[in-house]
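A.B. asks: My questions will all concern the structure given below.
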Amino acid sequence: MKKMLLVSMFQNVEDLLKKVEPILKNKTITYIPTASKVEKLGFFVKIGKWRLKKLGLIIEELEISTASYETIKSTLEKNDYIYVTGGNTFYLLQELKRSGADQLIVEQVNQGKLYIGESAGAIVVAPNIEYSKPMDDPSKAPELVDCSGLNLISAYVVPHNQNREFKKAVATIVEEYGEQHNLVVINDHQGILVDDENVAILNKK
């Protein structure tokens with residue numbers, strides 16, 4: 001049973017996680033901030049971690065761009081959940097593939113471990129991330145030669161709809177890729193629940 005919560009901005013929708021997993025206290029979570037490494041998103045990484053701690057979760061941070069394969073494997077396997085932050089999707093995918101974390105994450109999710117993806121972390125689960133070029137700069141991942149994503153869902157998440165900073169990028173993605181891809185567009189106060197093959201948009205109340 002595959003289970004994922006995909007969001008634009010976790011700090012706005014933390015309550016959605018409680019709906020998906022009502023009992024969070026003292027559960028452990030692998031927190032992967034890699035996508036933010038090439039962007040100035042330190043504040044959002046900190047606030048995301050703080051929100052998770054507020055929910056009662058025990059966080060273990062895992063920087064996959066520097067961790068060994070053995071460390072990545074053991075950390076993903078031992079913790080209850082996986083969380084992947086926002087940032088640059090292309091850099092994130094580059095490091096997932098380079099480290100071997102991509103297949104390790106896919107394996108864990110397919111075994112039923114909850115995956116929480118924020119922005120880039122939500123985009124990267126698609127079959128391919130090339131559609132996100134209007135939103136992210138591919139040049140920040142010079143070693144990435146294959147844009148095939150984790151392919152955990154058949155849909156393509158488009159985060160940050162109606163966000164002032166990303167409004168133009170979202171419109172461009174919808175215009176250029178709307179006919180060829182199954183785009184699921186969400187704003188910063190929504191989330192996507194993937195429950196096996198079912199995909200549903202959740203709204204913050």
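Every chain in the structure tokens has a letter given in the order shown (A, B, ...), and although residue numbers restart at 1 in each chain, ligands are simply numbered from 1 in the order shown.
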Set the distance at 12 Å and use only C-alpha atoms: which residues neighbour Gly178 of chain A once local chain neighbours fewer than 4 positions away are removed? I'd like the list as a CSV table (one decimal) with N, CA and C atoms, in the first residue's frame.

C.D. replies:
chain,number,residue,atom,x,y,z
A,131,TYR,N,9.1,18.9,-16.9
A,131,TYR,CA,8.0,19.9,-17.0
A,131,TYR,C,8.2,21.0,-16.0
A,155,ALA,N,0.8,10.9,-12.1
A,155,ALA,CA,0.5,12.4,-12.2
A,155,ALA,C,1.7,13.2,-12.1
A,156,TYR,N,1.6,14.5,-12.4
A,156,TYR,CA,2.7,15.5,-12.3
A,156,TYR,C,2.2,16.6,-11.4
A,157,VAL,N,2.8,16.7,-10.3
A,157,VAL,CA,2.4,17.8,-9.3
A,157,VAL,C,2.9,19.1,-9.7
A,158,VAL,N,2.0,20.1,-9.7
A,158,VAL,CA,2.4,21.5,-10.0
A,158,VAL,C,2.1,22.3,-8.7
A,170,VAL,N,3.8,28.6,-13.0
A,170,VAL,CA,2.7,27.7,-13.0
A,170,VAL,C,1.9,27.8,-14.3
A,171,ALA,N,1.6,29.1,-14.7
A,171,ALA,CA,0.8,29.3,-15.9
A,171,ALA,C,1.6,28.7,-17.2
A,172,THR,N,2.9,28.9,-17.2
A,172,THR,CA,3.7,28.4,-18.3
A,172,THR,C,3.6,26.9,-18.3
A,173,ILE,N,3.8,26.2,-17.2
A,173,ILE,CA,3.7,24.8,-17.1
A,173,ILE,C,2.4,24.2,-17.6
A,174,VAL,N,1.3,24.8,-17.1
A,174,VAL,CA,0.0,24.4,-17.5
A,174,VAL,C,-0.2,24.6,-19.0
A,182,ASN,N,-0.8,14.5,-17.1
A,182,ASN,CA,-1.8,14.6,-16.1
A,182,ASN,C,-1.4,15.5,-15.0
A,183,LEU,N,-1.5,16.8,-15.1
A,183,LEU,CA,-1.1,17.8,-14.1
A,183,LEU,C,-2.0,17.9,-13.0
A,184,VAL,N,-1.5,17.9,-11.7
A,184,VAL,CA,-2.3,18.1,-10.6
A,184,VAL,C,-1.8,19.4,-9.9
A,185,VAL,N,-2.6,20.5,-10.1
A,185,VAL,CA,-2.1,21.8,-9.7
A,185,VAL,C,-2.7,22.1,-8.3

A.B. asks: Residues of segment 81-157 of chain A that have any atom at most 10 Å from an atom of segment 195-200 of chain A: could you tabulate them with the shortest-distance atom pair and the distance in Å to one decimal, using only C-alpha atoms, ordered by chain and increasing number, as a tab-separated table?

C.D. replies:
residue	atom	partner	partner_atom	distance
A:Asn110	CA	A:Asp196	CA	9.0
A:Gly112	CA	A:Asp196	CA	9.0
A:Leu114	CA	A:Asp195	CA	9.9
A:Leu152	CA	A:Glu197	CA	9.6
A:Ile153	CA	A:Glu197	CA	7.7
A:Ser154	CA	A:Glu197	CA	9.0
A:Ala155	CA	A:Val199	CA	8.6

A.B. asks: Please provide as a PyMOL selection string all residues within 7 Å of Ala35 of chain A, with the sequence filter that same-chain residues fewer than 4 positions apart are discarded (counting only C-alpha atoms).

C.D. replies: chain A and resi 85-89+91-92+120

A.B. asks: Let me see the file: selected residues, N, CA and C atoms, as a compact mmCIF listing (two decimals), in the first residue's frame.

C.D. replies:
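Listing of selection.txt after writing:
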# COMPACT_ATOMS: atom_id res chain seq x y z
N THR A 85 12.24 18.02 1.45
CA THR A 85 11.89 19.45 1.43
C THR A 85 11.86 20.03 0.01
N GLY A 86 11.48 21.30 -0.03
CA GLY A 86 11.50 22.05 -1.28
C GLY A 86 12.88 22.56 -1.61
N GLY A 87 13.00 23.15 -2.79
CA GLY A 87 14.28 23.66 -3.28
C GLY A 87 14.35 23.48 -4.78
N ASN A 88 15.50 23.07 -5.26
CA ASN A 88 15.67 22.86 -6.70
C ASN A 88 15.45 21.38 -7.03
N THR A 89 14.43 21.11 -7.81
CA THR A 89 14.06 19.72 -8.11
C THR A 89 15.15 19.00 -8.92
N TYR A 91 18.46 19.57 -8.89
CA TYR A 91 19.57 19.22 -8.01
C TYR A 91 19.19 18.05 -7.10
N LEU A 92 17.96 18.09 -6.61
CA LEU A 92 17.48 17.00 -5.76
C LEU A 92 17.56 15.66 -6.51
N ALA A 120 9.63 20.74 -4.32
CA ALA A 120 10.52 19.88 -5.10
C ALA A 120 10.35 18.42 -4.70

A.B. asks: I'd like to know which of A:Val125, A:Val145, A:Leu57, A:Ile32 is closest to Met4 of chain A, using only C-alpha atoms.

C.D. replies: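 Smallest distance to Met4 of chain A is found for A:Val125.
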
A.B. asks: Point out the residue among A:Glu63, A:Lys25, A:Lys18, A:Asp188 with the least atom-to-atom distance to Asn163 of chain A, counting only C-alpha atoms.

C.D. replies: A:Asp188

A.B. asks: Which distance in Å separates atom CA of Asn128 of chain A and atom CA of His181 of chain A, to one decimal?

C.D. replies: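 These atoms are spaced 10.0 Å apart.
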
A.B. asks: Find the residues around Asn187 of chain A up to 10 Å (only C-alpha atoms counted), leave out those fewer than 4 positions away in its own chain, and share them as JSON, numbers by chain.

C.D. replies: {"A": [7, 8, 9, 158, 159, 160, 161, 162, 163, 191, 203]}

A.B. asks: Output C-alpha atoms for every residue in that selection, as a PDB file, in the first residue's frame.

C.D. replies:
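Dumped everything to again-v9.pdb:
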ATOM      1  CA  VAL A   7       2.286  19.693  -0.593  1.00  0.00           C
ATOM      2  CA  SER A   8       3.485  23.090  -1.785  1.00  0.00           C
ATOM      3  CA  MET A   9       4.359  24.605   1.592  1.00  0.00           C
ATOM      4  CA  VAL A 158       2.448  21.522  -9.957  1.00  0.00           C
ATOM      5  CA  PRO A 159       2.894  23.322  -6.608  1.00  0.00           C
ATOM      6  CA  HIS A 160       2.546  26.994  -5.665  1.00  0.00           C
ATOM      7  CA  ASN A 161      -0.488  27.852  -7.773  1.00  0.00           C
ATOM      8  CA  GLN A 162      -1.543  31.468  -7.102  1.00  0.00           C
ATOM      9  CA  ASN A 163       1.749  32.117  -5.289  1.00  0.00           C
ATOM     10  CA  GLY A 191      -2.087  18.950  -0.364  1.00  0.00           C
ATOM     11  CA  ASN A 203      -7.870  21.473   1.382  1.00  0.00           C
TER      12      ASN A 203
END

A.B. asks: Among segment 64-115 of chain A, which residues does DSSP mark as strand (DSSP E) when it is run on the backbone? Keep the chain and numbering as in the structure and answer as a JSON list (two decimals) with C-alpha atoms, in the first residue's frame.

C.D. replies:
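Once written, out_27.json looks like this:
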[["chain", "number", "residue", "atom", "x", "y", "z"],
["A", 81, "TYR", "CA", 8.44, 8.34, 7.70],
["A", 82, "ILE", "CA", 10.34, 10.11, 4.91],
["A", 83, "TYR", "CA", 10.20, 13.90, 4.39],
["A", 84, "VAL", "CA", 11.77, 15.65, 1.38],
["A", 114, "LEU", "CA", 4.68, 7.33, 4.35],
["A", 115, "TYR", "CA", 6.44, 9.83, 2.10]]

A.B. asks: Measuring between only C-alpha atoms, which one of A:Ser65, A:Thr28, A:Ser148, A:Ser132 shows the shortest distance to Tyr177 of chain A?

C.D. replies: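 Of the candidates, the smallest distance to Tyr177 of chain A is held by A:Ser132.
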
A.B. asks: Could you pull out the residues in chain A that DSSP calls alpha helix (DSSP H) from the backbone, as an NGL selection string?

C.D. replies: :A and (10-20 or 42-54 or 69-78 or 89-99 or 101-110 or 120-123 or 167-177)

A.B. asks: For Glu14 of chain A, which residue out of A:Leu55, A:Leu193, A:Leu41, A:Ala101 is the nearest one, using only C-alpha atoms?

C.D. replies: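 Closest residue, counting only C-alpha atoms: A:Leu55.
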
A.B. asks: Quick one: residues within 9 Å of Thr75 of chain A, only C-alpha atoms, excluding same-chain residues fewer than 6 positions away - as number ranges by chain?

C.D. replies: A: 30, 60, 62

A.B. asks: Just the number, please: distance in Å from atom CA of Thr71 of chain A to atom CA of Ile58 of chain A, one decimal.

C.D. replies: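 According to the coordinates, atom CA of Thr71 of chain A and atom CA of Ile58 of chain A are separated by 17.7 Å.
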
A.B. asks: Can you measure atom CA of Asp146 of chain A to atom CA of Gln180 of chain A for me? One decimal in Å is fine.

C.D. replies: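 Computing it gives 19.0 Å between the two atoms.
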
A.B. asks: So which one's closest to Ala126 of chain A, A:Leu150, A:Gln190, A:Thr66, A:Glu95? Using only C-alpha atoms, please.

C.D. replies: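 Of A:Leu150, A:Gln190, A:Thr66, A:Glu95, the one nearest Ala126 of chain A is A:Leu150, counting only C-alpha atoms.
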